[in-house]
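Engineer: Got a structure for you, structure-v2.cif, holding mmCIF, C-alpha atoms and all ligand atoms.
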```cif
data_target
loop_
_atom_site.label_atom_id
_atom_site.label_comp_id
_atom_site.auth_asym_id
_atom_site.auth_seq_id
_atom_site.Cartn_x
_atom_site.Cartn_y
_atom_site.Cartn_z
CA MET A 1 0.00 0.00 0.00
CA ILE A 2 2.77 2.42 1.03
CA ALA A 3 4.87 1.31 -1.98
CA SER A 4 1.92 2.00 -4.28
CA SER A 5 1.33 5.49 -2.98
CA ILE A 6 5.03 6.32 -3.47
CA ALA A 7 4.68 5.09 -7.05
CA GLU A 8 1.59 7.28 -7.52
CA GLN A 9 3.49 10.33 -6.27
CA LYS A 10 6.36 9.54 -8.63
CA VAL A 11 4.03 9.18 -11.61
CA ALA A 12 2.24 12.44 -10.68
CA LEU A 13 5.59 14.26 -10.86
CA ILE A 14 6.57 12.55 -14.12
CA ARG A 15 3.25 13.52 -15.74
CA LYS A 16 4.02 17.22 -15.24
CA ASP A 17 6.92 16.85 -17.70
CA PHE A 18 4.64 15.76 -20.57
CA PRO A 19 2.62 18.70 -21.90
CA VAL A 20 0.32 16.59 -24.07
CA LEU A 21 -1.03 14.76 -21.02
CA GLU A 22 -2.83 17.98 -20.01
CA ARG A 23 -4.82 17.84 -23.25
CA GLU A 24 -8.48 17.22 -23.62
CA VAL A 25 -10.10 15.58 -26.63
CA HIS A 26 -13.67 15.76 -27.99
CA ASN A 27 -14.04 19.22 -26.40
CA SER A 28 -13.66 18.41 -22.74
CA VAL A 29 -12.69 14.78 -22.21
CA PRO A 30 -9.26 14.39 -20.54
CA LEU A 31 -6.82 12.37 -22.65
CA ILE A 32 -5.80 8.93 -21.43
CA TYR A 33 -2.88 7.80 -23.57
CA PHE A 34 -2.61 4.01 -23.69
CA ASP A 35 -0.82 3.76 -27.05
CA SER A 36 2.83 4.11 -26.07
CA ALA A 37 3.81 0.84 -27.78
CA ALA A 38 2.95 2.58 -31.08
CA THR A 39 4.79 5.74 -30.09
CA SER A 40 5.44 7.32 -26.71
CA GLN A 41 4.73 10.89 -25.67
CA LYS A 42 7.66 13.32 -25.34
CA PRO A 43 8.77 15.26 -22.27
CA GLN A 44 9.30 19.04 -22.47
CA SER A 45 13.09 18.55 -22.21
CA VAL A 46 13.14 16.59 -25.50
CA ILE A 47 11.02 19.23 -27.26
CA ASP A 48 13.27 22.00 -25.84
CA SER A 49 16.49 20.30 -26.91
CA MET A 50 15.33 20.13 -30.52
CA ASN A 51 14.05 23.71 -30.51
CA GLU A 52 17.36 24.85 -29.09
CA TYR A 53 19.27 23.22 -31.94
CA TYR A 54 17.13 25.07 -34.51
CA ARG A 55 17.20 28.36 -32.56
CA LEU A 56 20.87 28.47 -31.61
CA TYR A 57 23.19 26.20 -33.55
CA ASN A 58 21.46 24.81 -36.63
CA ALA A 59 24.22 23.62 -38.99
CA ASN A 60 25.24 20.51 -40.86
CA ILE A 61 27.62 18.14 -39.08
CA HIS A 62 31.02 16.62 -39.90
CA ARG A 63 31.42 19.16 -42.71
CA GLY A 64 31.95 22.74 -41.55
CA VAL A 65 34.70 24.32 -39.48
CA HIS A 66 32.56 27.24 -38.33
CA THR A 67 31.34 27.55 -34.75
CA LEU A 68 27.77 26.41 -35.38
CA ALA A 69 28.90 23.34 -37.34
CA GLU A 70 31.31 22.40 -34.57
CA GLU A 71 28.65 22.83 -31.90
CA ALA A 72 26.12 20.76 -33.87
CA THR A 73 28.69 18.01 -34.54
CA ALA A 74 29.66 17.90 -30.87
CA LYS A 75 26.02 17.65 -29.71
CA TYR A 76 25.24 14.95 -32.29
CA GLU A 77 28.24 12.85 -31.25
CA GLU A 78 27.62 13.46 -27.53
CA ALA A 79 24.07 12.15 -28.03
CA ARG A 80 25.46 9.05 -29.72
CA ALA A 81 27.79 8.42 -26.76
CA ARG A 82 24.97 8.76 -24.19
CA ILE A 83 22.60 6.51 -26.16
CA ALA A 84 25.34 3.90 -26.63
CA ALA A 85 26.07 3.96 -22.88
CA PHE A 86 22.33 3.62 -22.15
CA ILE A 87 22.21 0.23 -23.90
CA GLY A 88 25.49 -0.82 -22.29
CA SER A 89 27.67 -0.48 -25.38
CA PRO A 90 31.36 -0.37 -24.55
CA LYS A 91 31.99 2.03 -27.47
CA ALA A 92 30.02 4.90 -29.03
CA SER A 93 31.35 3.87 -32.46
CA GLU A 94 29.35 0.64 -32.23
CA LEU A 95 26.10 2.63 -32.45
CA VAL A 96 24.84 3.55 -35.92
CA PHE A 97 22.02 6.08 -36.22
CA THR A 98 19.23 4.88 -38.50
CA ARG A 99 15.66 6.07 -39.04
CA ASN A 100 14.09 3.41 -36.80
CA THR A 101 14.10 -0.29 -35.88
CA THR A 102 12.74 -1.16 -39.31
CA GLU A 103 15.66 0.49 -41.07
CA SER A 104 18.14 -1.05 -38.62
CA ILE A 105 16.92 -4.57 -39.42
CA ASN A 106 16.88 -3.85 -43.16
CA LEU A 107 20.44 -2.54 -42.85
CA VAL A 108 21.61 -5.80 -41.25
CA ALA A 109 19.74 -7.88 -43.86
CA GLN A 110 21.08 -5.91 -46.81
CA THR A 111 24.69 -5.67 -45.61
CA TRP A 112 25.61 -8.53 -43.27
CA GLY A 113 22.85 -10.77 -44.66
CA ARG A 114 23.63 -10.12 -48.31
CA ALA A 115 27.32 -10.83 -47.70
CA ASN A 116 26.90 -13.89 -45.49
CA LEU A 117 23.68 -15.75 -46.29
CA GLN A 118 23.32 -18.07 -49.21
CA SER A 119 21.30 -20.95 -50.57
CA GLY A 120 21.08 -23.82 -48.08
CA ASP A 121 21.58 -21.55 -45.03
CA LEU A 122 19.03 -21.29 -42.23
CA VAL A 123 17.73 -18.18 -40.44
CA ILE A 124 15.55 -18.73 -37.35
CA LEU A 125 12.81 -16.20 -36.57
CA THR A 126 9.71 -16.52 -34.36
CA GLU A 127 5.96 -16.50 -34.87
CA MET A 128 5.65 -13.40 -32.68
CA GLU A 129 7.78 -11.10 -34.85
CA HIS A 130 6.71 -7.66 -36.00
CA HIS A 131 6.60 -7.41 -39.81
CA SER A 132 9.85 -5.46 -39.69
CA ASN A 133 11.68 -8.56 -38.45
CA LEU A 134 9.99 -10.80 -41.02
CA VAL A 135 9.75 -9.00 -44.35
CA PRO A 136 13.45 -7.94 -44.69
CA TRP A 137 14.44 -11.61 -44.27
CA GLN A 138 11.69 -12.79 -46.65
CA ILE A 139 12.92 -10.35 -49.33
CA LEU A 140 16.51 -11.53 -49.01
CA ALA A 141 15.57 -15.22 -48.73
CA ALA A 142 13.58 -14.97 -51.98
CA GLU A 143 16.70 -13.65 -53.70
CA LYS A 144 19.38 -15.80 -52.05
CA GLY A 145 17.46 -19.02 -51.49
CA PHE A 146 18.15 -19.53 -47.79
CA ARG A 147 15.56 -21.10 -45.46
CA LEU A 148 13.45 -19.42 -42.79
CA GLU A 149 12.21 -21.41 -39.80
CA PHE A 150 10.06 -20.12 -36.96
CA ILE A 151 10.04 -20.76 -33.23
CA PRO A 152 6.34 -21.44 -32.50
CA VAL A 153 4.33 -19.51 -29.92
CA THR A 154 2.51 -21.59 -27.29
CA ASP A 155 -1.15 -21.06 -26.39
CA GLU A 156 0.10 -19.14 -23.34
CA GLY A 157 1.96 -16.71 -25.61
CA LEU A 158 5.50 -17.89 -24.88
CA LEU A 159 8.15 -19.11 -27.31
CA ASP A 160 8.36 -22.90 -27.54
CA LEU A 161 11.98 -23.29 -26.50
CA ASP A 162 12.00 -27.07 -27.03
CA VAL A 163 11.42 -26.48 -30.74
CA TYR A 164 14.04 -23.71 -30.65
CA HIS A 165 16.66 -26.14 -29.33
CA GLN A 166 15.72 -28.63 -32.06
CA LEU A 167 16.06 -25.94 -34.74
CA LEU A 168 19.46 -24.98 -33.38
CA GLN A 169 20.70 -28.47 -34.25
CA GLN A 170 20.32 -27.55 -37.93
CA ASN A 171 23.28 -25.11 -37.78
CA PRO A 172 21.51 -21.78 -38.35
CA LYS A 173 23.57 -18.78 -39.45
CA LEU A 174 21.34 -16.25 -37.69
CA VAL A 175 18.65 -16.15 -35.02
CA ALA A 176 16.56 -12.94 -34.99
CA PHE A 177 13.82 -12.31 -32.45
CA THR A 178 12.02 -9.66 -30.47
CA GLN A 179 12.99 -9.26 -26.83
CA PHE A 180 9.49 -8.00 -25.97
CA SER A 181 6.37 -8.76 -28.03
CA ASN A 182 4.37 -5.69 -29.05
CA VAL A 183 1.16 -7.77 -29.01
CA LEU A 184 1.51 -10.39 -26.28
CA GLY A 185 3.68 -8.33 -23.97
CA THR A 186 5.85 -11.43 -23.54
CA ILE A 187 9.41 -10.75 -22.45
CA ASN A 188 11.52 -13.47 -24.02
CA PRO A 189 14.49 -15.07 -22.20
CA ALA A 190 16.89 -13.32 -24.56
CA GLN A 191 20.13 -13.98 -22.69
CA GLU A 192 19.51 -17.73 -22.48
CA MET A 193 18.39 -17.87 -26.13
CA ILE A 194 21.48 -15.96 -27.29
CA GLN A 195 23.82 -18.28 -25.38
CA ALA A 196 22.17 -21.31 -27.02
CA ALA A 197 22.41 -19.70 -30.49
CA HIS A 198 26.09 -18.92 -30.00
CA ALA A 199 26.77 -22.49 -28.86
CA ALA A 200 25.19 -23.58 -32.16
CA GLY A 201 27.44 -21.18 -34.10
CA ALA A 202 24.74 -18.61 -35.02
CA LEU A 203 24.78 -14.86 -34.67
CA VAL A 204 21.83 -13.16 -32.96
CA LEU A 205 19.84 -10.05 -33.82
CA ILE A 206 17.60 -8.66 -31.11
CA ASP A 207 14.62 -6.50 -32.02
CA GLY A 208 14.69 -4.13 -29.07
CA ALA A 209 11.94 -1.78 -30.29
CA GLN A 210 9.79 -2.58 -27.25
CA SER A 211 12.45 -3.63 -24.74
CA ALA A 212 14.83 -0.65 -24.84
CA PRO A 213 12.06 1.79 -23.77
CA HIS A 214 10.76 -0.31 -20.90
CA ILE A 215 13.41 -2.50 -19.26
CA PRO A 216 17.10 -2.04 -18.47
CA VAL A 217 19.12 -3.30 -21.44
CA SER A 218 22.79 -4.16 -21.64
CA VAL A 219 23.91 -5.45 -25.02
CA VAL A 220 27.04 -6.83 -23.37
CA ASN A 221 25.16 -8.76 -20.67
CA LEU A 222 22.73 -10.01 -23.28
CA GLY A 223 25.60 -11.08 -25.50
CA ALA A 224 23.74 -9.87 -28.62
CA ASP A 225 25.50 -9.41 -31.95
CA PHE A 226 22.98 -6.89 -33.33
CA PHE A 227 20.51 -4.81 -31.31
CA THR A 228 17.90 -2.55 -32.96
CA PHE A 229 15.66 0.16 -31.45
CA SER A 230 13.62 3.30 -32.18
CA ALA A 231 13.78 6.67 -30.39
CA HIS A 232 10.09 7.48 -30.81
CA LYS A 233 9.03 4.60 -28.54
CA MET A 234 11.35 5.78 -25.74
CA LEU A 235 10.33 9.43 -25.28
CA GLY A 236 12.39 10.62 -28.26
CA PRO A 237 11.41 12.01 -31.65
CA THR A 238 10.33 10.11 -34.74
CA GLY A 239 12.79 9.69 -37.61
CA ILE A 240 15.71 8.33 -35.62
CA GLY A 241 16.69 4.95 -34.24
CA GLY A 242 19.71 2.84 -33.53
CA LEU A 243 21.56 -0.19 -34.73
CA TRP A 244 24.12 -1.45 -32.27
CA ALA A 245 26.50 -4.17 -33.46
CA LYS A 246 29.82 -5.60 -32.34
CA GLU A 247 32.73 -3.63 -33.73
CA GLU A 248 34.21 -6.51 -35.72
CA LEU A 249 30.86 -7.10 -37.44
CA LEU A 250 30.35 -3.43 -38.33
CA LYS A 251 33.90 -3.22 -39.67
CA ALA A 252 33.42 -6.29 -41.87
CA MET A 253 29.96 -5.34 -43.16
CA PRO A 254 29.77 -3.57 -46.53
CA PRO A 255 28.12 -0.11 -46.55
CA PHE A 256 24.33 0.21 -46.80
CA LEU A 257 23.54 3.49 -48.62
CA GLY A 258 26.15 5.36 -50.65
CA GLY A 259 26.72 9.14 -50.58
CA GLY A 260 28.22 11.91 -48.50
CA ASP A 261 29.76 11.29 -45.07
CA MET A 262 30.03 7.50 -45.48
CA ILE A 263 33.25 7.82 -47.52
CA LYS A 264 36.91 8.66 -46.90
CA ARG A 265 37.91 9.22 -50.53
CA VAL A 266 35.94 9.10 -53.75
CA TYR A 267 37.34 8.59 -57.25
CA LEU A 268 35.32 8.57 -60.47
CA ARG A 269 35.01 4.81 -60.44
CA SER A 270 35.48 3.84 -56.79
CA PHE A 271 35.52 4.98 -53.19
CA THR A 272 36.97 4.04 -49.82
CA ALA A 273 34.49 3.74 -46.97
CA ASN A 274 34.60 5.87 -43.83
CA ASP A 275 35.28 4.43 -40.38
CA ILE A 276 32.40 3.02 -38.34
CA PRO A 277 29.79 4.18 -37.50
CA HIS A 278 29.90 6.86 -40.23
CA LYS A 279 30.27 4.20 -42.94
CA PHE A 280 26.56 3.48 -42.40
CA GLU A 281 25.30 7.08 -42.13
CA ALA A 282 25.14 8.37 -45.71
CA GLY A 283 23.85 11.90 -46.34
CA THR A 284 22.82 14.59 -43.90
CA PRO A 285 21.42 12.73 -40.90
CA ALA A 286 18.52 13.59 -38.59
CA ILE A 287 20.57 16.02 -36.48
CA ALA A 288 17.83 17.61 -34.37
CA GLU A 289 16.36 14.15 -33.84
CA ALA A 290 19.67 12.70 -32.63
CA ILE A 291 19.92 15.56 -30.14
CA GLY A 292 16.30 14.94 -29.07
CA PHE A 293 17.06 11.23 -28.73
CA GLY A 294 19.96 12.11 -26.42
CA ALA A 295 17.63 14.27 -24.31
CA ALA A 296 15.14 11.38 -24.11
CA ILE A 297 17.91 9.12 -22.81
CA ASP A 298 18.84 11.76 -20.22
CA TYR A 299 15.20 11.81 -19.10
CA LEU A 300 14.99 8.01 -18.82
CA ASN A 301 18.29 7.97 -16.91
CA SER A 302 17.02 10.65 -14.53
CA VAL A 303 14.03 8.43 -13.65
CA GLY A 304 16.13 5.25 -13.78
CA MET A 305 15.24 2.22 -15.90
CA GLN A 306 14.70 0.05 -12.80
CA THR A 307 12.07 2.55 -11.69
CA VAL A 308 10.50 2.67 -15.18
CA GLU A 309 10.29 -1.11 -15.15
CA SER A 310 8.80 -1.33 -11.66
CA LEU A 311 6.22 1.43 -12.30
CA GLU A 312 5.09 -0.44 -15.40
CA ARG A 313 5.00 -3.79 -13.62
CA GLU A 314 2.70 -2.27 -11.03
CA ILE A 315 0.25 -0.75 -13.51
CA THR A 316 0.31 -3.84 -15.75
CA ALA A 317 -0.45 -6.18 -12.84
CA TYR A 318 -3.30 -3.88 -11.79
CA ALA A 319 -4.73 -3.59 -15.31
CA TYR A 320 -4.36 -7.33 -15.97
CA GLU A 321 -6.25 -8.20 -12.78
CA ARG A 322 -9.06 -5.71 -13.43
CA MET A 323 -9.45 -6.52 -17.12
CA ARG A 324 -9.38 -10.26 -16.50
CA GLN A 325 -12.59 -9.89 -14.51
CA ILE A 326 -14.53 -8.32 -17.40
CA LYS A 327 -16.97 -10.89 -18.75
CA GLY A 328 -16.43 -11.70 -22.43
CA LEU A 329 -12.93 -10.17 -22.46
CA THR A 330 -10.00 -12.40 -23.41
CA ILE A 331 -6.43 -11.27 -22.87
CA LEU A 332 -3.80 -12.59 -25.26
CA GLY A 333 -0.46 -13.67 -23.89
CA PRO A 334 1.02 -14.72 -20.57
CA ALA A 335 0.23 -13.86 -16.94
CA ALA A 336 1.13 -10.39 -15.68
CA GLU A 337 4.45 -11.54 -14.09
CA LYS A 338 5.77 -12.70 -17.47
CA ARG A 339 4.84 -9.62 -19.46
CA GLY A 340 5.68 -5.97 -19.94
CA GLY A 341 3.17 -3.13 -20.15
CA VAL A 342 1.13 -4.31 -23.12
CA ILE A 343 -2.34 -5.87 -22.89
CA SER A 344 -4.00 -6.95 -26.15
CA PHE A 345 -7.51 -8.29 -25.85
CA THR A 346 -10.66 -9.29 -27.67
CA LEU A 347 -14.23 -8.63 -26.57
CA GLU A 348 -16.74 -11.29 -27.48
CA ASN A 349 -18.83 -10.38 -30.55
CA ILE A 350 -17.40 -6.85 -30.82
CA HIS A 351 -14.85 -5.84 -33.46
CA PRO A 352 -11.62 -4.33 -32.06
CA HIS A 353 -12.01 -1.23 -34.24
CA ASP A 354 -15.43 -0.58 -32.72
CA VAL A 355 -13.94 -1.03 -29.25
CA ALA A 356 -11.16 1.45 -30.03
CA GLN A 357 -13.60 3.98 -31.45
CA ILE A 358 -15.86 3.98 -28.43
CA LEU A 359 -12.84 4.14 -26.11
CA ASP A 360 -11.65 7.17 -28.08
CA SER A 361 -14.97 8.89 -27.46
CA GLU A 362 -14.16 8.43 -23.75
CA GLY A 363 -10.75 10.06 -24.30
CA ILE A 364 -8.84 6.77 -24.23
CA ALA A 365 -6.27 6.23 -26.98
CA VAL A 366 -5.63 2.53 -27.70
CA ARG A 367 -4.61 0.74 -30.87
CA ALA A 368 -6.79 -1.75 -32.75
CA GLY A 369 -5.78 -4.03 -35.60
CA HIS A 370 -3.04 -6.56 -36.24
CA HIS A 371 -0.28 -4.33 -34.79
CA CYS A 372 2.01 -5.21 -37.71
CA ALA A 373 2.07 -8.82 -36.53
CA MET A 374 -0.34 -10.59 -38.90
CA PRO A 375 1.25 -14.06 -38.60
CA LEU A 376 0.91 -13.88 -34.81
CA HIS A 377 -2.80 -13.06 -35.12
CA ASP A 378 -3.13 -15.95 -37.62
CA ARG A 379 -1.53 -18.16 -34.98
CA PHE A 380 -4.34 -17.29 -32.58
CA HIS A 381 -6.98 -17.48 -35.36
CA ILE A 382 -8.10 -13.88 -34.89
CA PRO A 383 -7.91 -11.01 -37.35
CA ALA A 384 -7.29 -8.26 -34.84
CA THR A 385 -7.07 -7.22 -31.19
CA THR A 386 -7.47 -4.05 -29.18
CA ARG A 387 -4.26 -3.11 -27.38
CA ALA A 388 -3.70 -0.94 -24.32
CA SER A 389 -0.03 -0.17 -23.75
CA PHE A 390 1.41 1.62 -20.74
CA TYR A 391 4.41 3.78 -19.96
CA LEU A 392 5.94 5.55 -17.00
CA TYR A 393 3.34 8.35 -17.10
CA ASN A 394 0.21 6.18 -16.81
CA THR A 395 -1.82 5.81 -13.61
CA THR A 396 -4.02 3.16 -12.06
CA SER A 397 -6.93 5.60 -12.06
CA GLU A 398 -6.57 5.79 -15.86
CA VAL A 399 -6.90 1.99 -15.84
CA ASP A 400 -10.11 2.34 -13.79
CA HIS A 401 -11.46 4.63 -16.55
CA LEU A 402 -10.48 2.05 -19.17
CA VAL A 403 -12.33 -0.71 -17.33
CA LYS A 404 -15.46 1.47 -17.02
CA ALA A 405 -15.25 2.43 -20.68
CA ILE A 406 -14.95 -1.23 -21.76
CA GLU A 407 -18.14 -1.97 -19.79
CA LYS A 408 -19.76 0.90 -21.69
CA VAL A 409 -18.63 -0.61 -25.02
CA LYS A 410 -20.38 -3.83 -24.03
CA GLN A 411 -23.58 -1.95 -23.17
CA VAL A 412 -23.54 -0.11 -26.50
CA PHE A 413 -23.33 -3.46 -28.29
CA GLY A 414 -25.90 -5.09 -26.01
CA GLU A 415 -23.37 -7.56 -24.62
N1 LIG B 501 5.57 -1.37 -33.37
C1 LIG B 501 3.30 -0.92 -32.61
O1 LIG B 501 2.28 -0.23 -32.55
P1 LIG B 501 9.54 1.22 -36.14
O2 LIG B 501 8.20 1.42 -36.78
O3 LIG B 501 10.60 0.90 -37.15
O4 LIG B 501 9.91 2.31 -35.19
O5 LIG B 501 9.40 -0.07 -35.20
C2 LIG B 501 9.05 -1.29 -35.77
C3 LIG B 501 8.83 -2.32 -34.70
C4 LIG B 501 9.68 -3.40 -34.64
N2 LIG B 501 9.55 -4.34 -33.69
C5 LIG B 501 8.59 -4.27 -32.76
C6 LIG B 501 8.51 -5.33 -31.70
C7 LIG B 501 7.69 -3.19 -32.77
O6 LIG B 501 6.74 -3.13 -31.85
C8 LIG B 501 7.80 -2.21 -33.77
C9 LIG B 501 6.80 -1.08 -33.88
C10 LIG B 501 4.53 -0.35 -33.29
O7 LIG B 501 3.36 -2.04 -32.12
C11 LIG B 501 4.19 0.27 -34.61
S1 LIG B 501 3.68 -0.91 -35.82
#
```
Would you give me this structure, written as structure tokens?
Structural biologist:
Amino acid sequence: MIASSIAEQKVALIRKDFPVLEREVHNSVPLIYFDSAATSQKPQSVIDSMNEYYRLYNANIHRGVHTLAEEATAKYEEARARIAAFIGSPKASELVFTRNTTESINLVAQTWGRANLQSGDLVILTEMEHHSNLVPWQILAAEKGFRLEFIPVTDEGLLDLDVYHQLLQQNPKLVAFTQFSNVLGTINPAQEMIQAAHAAGALVLIDGAQSAPHIPVSVVNLGADFFTFSAHKMLGPTGIGGLWAKEELLKAMPPFLGGGDMIKRVYLRSFTANDIPHKFEAGTPAIAEAIGFGAAIDYLNSVGMQTVESLEREITAYAYERMRQIKGLTILGPAAEKRGGVISFTLENIHPHDVAQILDSEGIAVRAGHHCAMPLHDRFHIPATTRASFYLYNTTSEVDHLVKAIEKVKQVFGE
């Protein structure tokens, strides 16, 4: 009880940093934002950091010698160093800025994958992957002729690790999986799975789009080879994300896009590539966004990722327990202890889009649909779900509103 009230006080303070949370929708209904798995809200400090770049030192980076260019370059590279440290990278140069998780995975497929995967090879994925960790491998497999196999998802919403261990006996070249499912909320035993993959001689790519924002991550403790994430899901701006990879891999990988900044020397018919990470950052990058990403990391560090995780555990456990008691409501995925702050559900005889629309009229923002995980929905024989996803700024009283609003949805549909 005491612990909970301390958490409530903490969340009340955190909420003051997010201007959008003061908003009302539909004239006078207070906003309840339960769609952070799609994109999180941004604290004032992130918004200010980007405005400051445009107001005071807007310039291109790595190119000019003038004061503004040097300031912008320093801020961009300082942001890289702080973000790299946040995910436990020993070196800033192991972090490549990309547009998002999707681009990070495509980069690995098109550079490391193109150079290392061939006909007869095996890549292991899972049935719970987001499309961005399926389609890049499907595109390359169609061209190169390697095989894709999938770790099945159990009825409980966990990966079937027995099948995984059997698949590992077939000498895969790569295992690529999400650390945290954006639909089921499942947090996969990444460290254990990576160790097993390495023992079988495979490299491992972790989709960290949902883990990096919500749980403490150390790429070194995990033992990952590639780790991908997006700023916009972790209080930062859209348009920027990260690909972390071990130095020796980045050095050996061919470039992704060609153009300015990724080269050392260009001749009419050839070029020499720049050092990492710049080799993978062709053209003028998202400078303001990198600076905003750095500010988002500062914010998360100021709260502490252990605190973020425990606040979310508390609200998820509360929401899971309350929602479980709603008649006709089925929650996908494992028990509250095995999941992060995502609850996808179906309501008997009511389409998820209708649910989301009525919740919106009550000021509650949730997502409805397949959440870019169609094969996972196929696995559960449903076309869509409604998803409530939580972050450090959500409260249990917002969950109470959600529960009331779901009861209202049922009344509207005569259920
Ligand atoms: N999931 C959701 O509402 P991008 O769009 O590149 O920033 O992230 C892609 C991505 C990759 N993996 C996982 C596990 C994800 O959840 C996402 C994004 C959002 O669930 C938007 S579809």
Engineer: Show me, as CSV, the residues of chain A having an atom within 6 Å of ligand LIG 501 (chain B), each with the closest atom pair and its distance in Å, using all atoms listed in the file.
Structural biologist:
```
residue,atom,partner,partner_atom,distance
A:Ala37,CA,B:LIG501,O1,5.1
A:Ala38,CA,B:LIG501,O1,3.2
A:Asn100,CA,B:LIG501,O3,4.3
A:Thr101,CA,B:LIG501,O3,3.9
A:Thr102,CA,B:LIG501,O3,3.7
A:His130,CA,B:LIG501,N2,4.9
A:Ser132,CA,B:LIG501,C4,5.5
A:Thr178,CA,B:LIG501,C6,5.7
A:Ser181,CA,B:LIG501,C6,5.5
A:Asn182,CA,B:LIG501,O6,4.5
A:Asp207,CA,B:LIG501,N2,5.8
A:Ala209,CA,B:LIG501,C5,4.9
A:Gln210,CA,B:LIG501,C6,5.4
A:Ser230,CA,B:LIG501,O4,4.9
A:His371,CA,B:LIG501,O7,5.1
A:Cys372,CA,B:LIG501,S1,5.0
```
Engineer: Could you list, as a PDB file with C-alpha atoms, keeping the file's coordinate frame, every residue within 7 Å of region 2-12 of chain A, counting only C-alpha atoms and ignoring same-chain residues fewer than 5 positions away?
Structural biologist:
```pdb
ATOM      1  CA  LEU A 311       6.220   1.430 -12.300  1.00  0.00           C
ATOM      2  CA  LEU A 392       5.940   5.550 -17.000  1.00  0.00           C
ATOM      3  CA  TYR A 393       3.340   8.350 -17.100  1.00  0.00           C
TER       4      TYR A 393
END
```
Engineer: Counting only C-alpha atoms, which of A:Pro285, A:Gly258, A:Pro136, A:Pro277 gets nearest to Asn106 (chain A)?
Structural biologist: A:Pro136
Engineer: Using only C-alpha atoms, which protein or nucleic acid residues come within 10 Å of Arg322 (chain A)? Drop anything in the same chain fewer than 4 positions from it, and give the result as a list of chain:residue names.
Structural biologist: A:Thr316, A:Ala317, A:Tyr318, A:Ile326, A:Val399, A:Asp400, A:Leu402, A:Val403
Engineer: Dump C-alpha atoms for the selected residues as a compact mmCIF listing (two decimals), in the frame of the given file?
Structural biologist:
```
# COMPACT_ATOMS: atom_id res chain seq x y z
CA THR A 316 0.31 -3.84 -15.75
CA ALA A 317 -0.45 -6.18 -12.84
CA TYR A 318 -3.30 -3.88 -11.79
CA ILE A 326 -14.53 -8.32 -17.40
CA VAL A 399 -6.90 1.99 -15.84
CA ASP A 400 -10.11 2.34 -13.79
CA LEU A 402 -10.48 2.05 -19.17
CA VAL A 403 -12.33 -0.71 -17.33
```
Engineer: So which one's closest to Glu312 (chain A), A:Pro152, A:Gly340, A:Gly201, A:Gly363? Using all atoms listed in the file, please.
Structural biologist: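 Counting all atoms listed in the file, the residue closest to Glu312 (chain A) is A:Gly340.
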Engineer: Scan for residues within 10 Å of the point (10.9, -7.5, -28.5) in the coordinates of the file, using only C-alpha atoms, and reply as a short mmCIF file (atom, residue, chain, number, x, y, z; two decimals) with C-alpha atoms, keeping the file's coordinate frame.
Structural biologist:
```cif
data_model
loop_
_atom_site.label_atom_id
_atom_site.label_comp_id
_atom_site.auth_asym_id
_atom_site.auth_seq_id
_atom_site.Cartn_x
_atom_site.Cartn_y
_atom_site.Cartn_z
CA MET A 128 5.65 -13.40 -32.68
CA GLU A 129 7.78 -11.10 -34.85
CA HIS A 130 6.71 -7.66 -36.00
CA PHE A 177 13.82 -12.31 -32.45
CA THR A 178 12.02 -9.66 -30.47
CA GLN A 179 12.99 -9.26 -26.83
CA PHE A 180 9.49 -8.00 -25.97
CA SER A 181 6.37 -8.76 -28.03
CA ASN A 182 4.37 -5.69 -29.05
CA VAL A 183 1.16 -7.77 -29.01
CA GLY A 185 3.68 -8.33 -23.97
CA THR A 186 5.85 -11.43 -23.54
CA ILE A 187 9.41 -10.75 -22.45
CA ASN A 188 11.52 -13.47 -24.02
CA ALA A 190 16.89 -13.32 -24.56
CA ILE A 206 17.60 -8.66 -31.11
CA ASP A 207 14.62 -6.50 -32.02
CA GLY A 208 14.69 -4.13 -29.07
CA ALA A 209 11.94 -1.78 -30.29
CA GLN A 210 9.79 -2.58 -27.25
CA SER A 211 12.45 -3.63 -24.74
CA ALA A 212 14.83 -0.65 -24.84
CA THR A 228 17.90 -2.55 -32.96
CA PHE A 229 15.66 0.16 -31.45
#
```
Engineer: Give me the residues near His353 (chain A) as a PDB file with C-alpha atoms, keeping the file's coordinate frame, where near means some atom within 12 Å (using all atoms listed in the file) and where sequence neighbours in that chain fewer than 6 positions away do not count.
Structural biologist:
```pdb
ATOM      1  CA  PHE A 345      -7.510  -8.290 -25.850  1.00  0.00           C
ATOM      2  CA  THR A 346     -10.660  -9.290 -27.670  1.00  0.00           C
ATOM      3  CA  LEU A 347     -14.230  -8.630 -26.570  1.00  0.00           C
ATOM      4  CA  LEU A 359     -12.840   4.140 -26.110  1.00  0.00           C
ATOM      5  CA  ASP A 360     -11.650   7.170 -28.080  1.00  0.00           C
ATOM      6  CA  ALA A 365      -6.270   6.230 -26.980  1.00  0.00           C
ATOM      7  CA  VAL A 366      -5.630   2.530 -27.700  1.00  0.00           C
ATOM      8  CA  ARG A 367      -4.610   0.740 -30.870  1.00  0.00           C
ATOM      9  CA  ALA A 368      -6.790  -1.750 -32.750  1.00  0.00           C
ATOM     10  CA  GLY A 369      -5.780  -4.030 -35.600  1.00  0.00           C
ATOM     11  CA  HIS A 370      -3.040  -6.560 -36.240  1.00  0.00           C
ATOM     12  CA  PRO A 383      -7.910 -11.010 -37.350  1.00  0.00           C
ATOM     13  CA  ALA A 384      -7.290  -8.260 -34.840  1.00  0.00           C
ATOM     14  CA  THR A 385      -7.070  -7.220 -31.190  1.00  0.00           C
ATOM     15  CA  THR A 386      -7.470  -4.050 -29.180  1.00  0.00           C
ATOM     16  CA  ARG A 387      -4.260  -3.110 -27.380  1.00  0.00           C
ATOM     17  CA  VAL A 409     -18.630  -0.610 -25.020  1.00  0.00           C
TER      18      VAL A 409
END
```
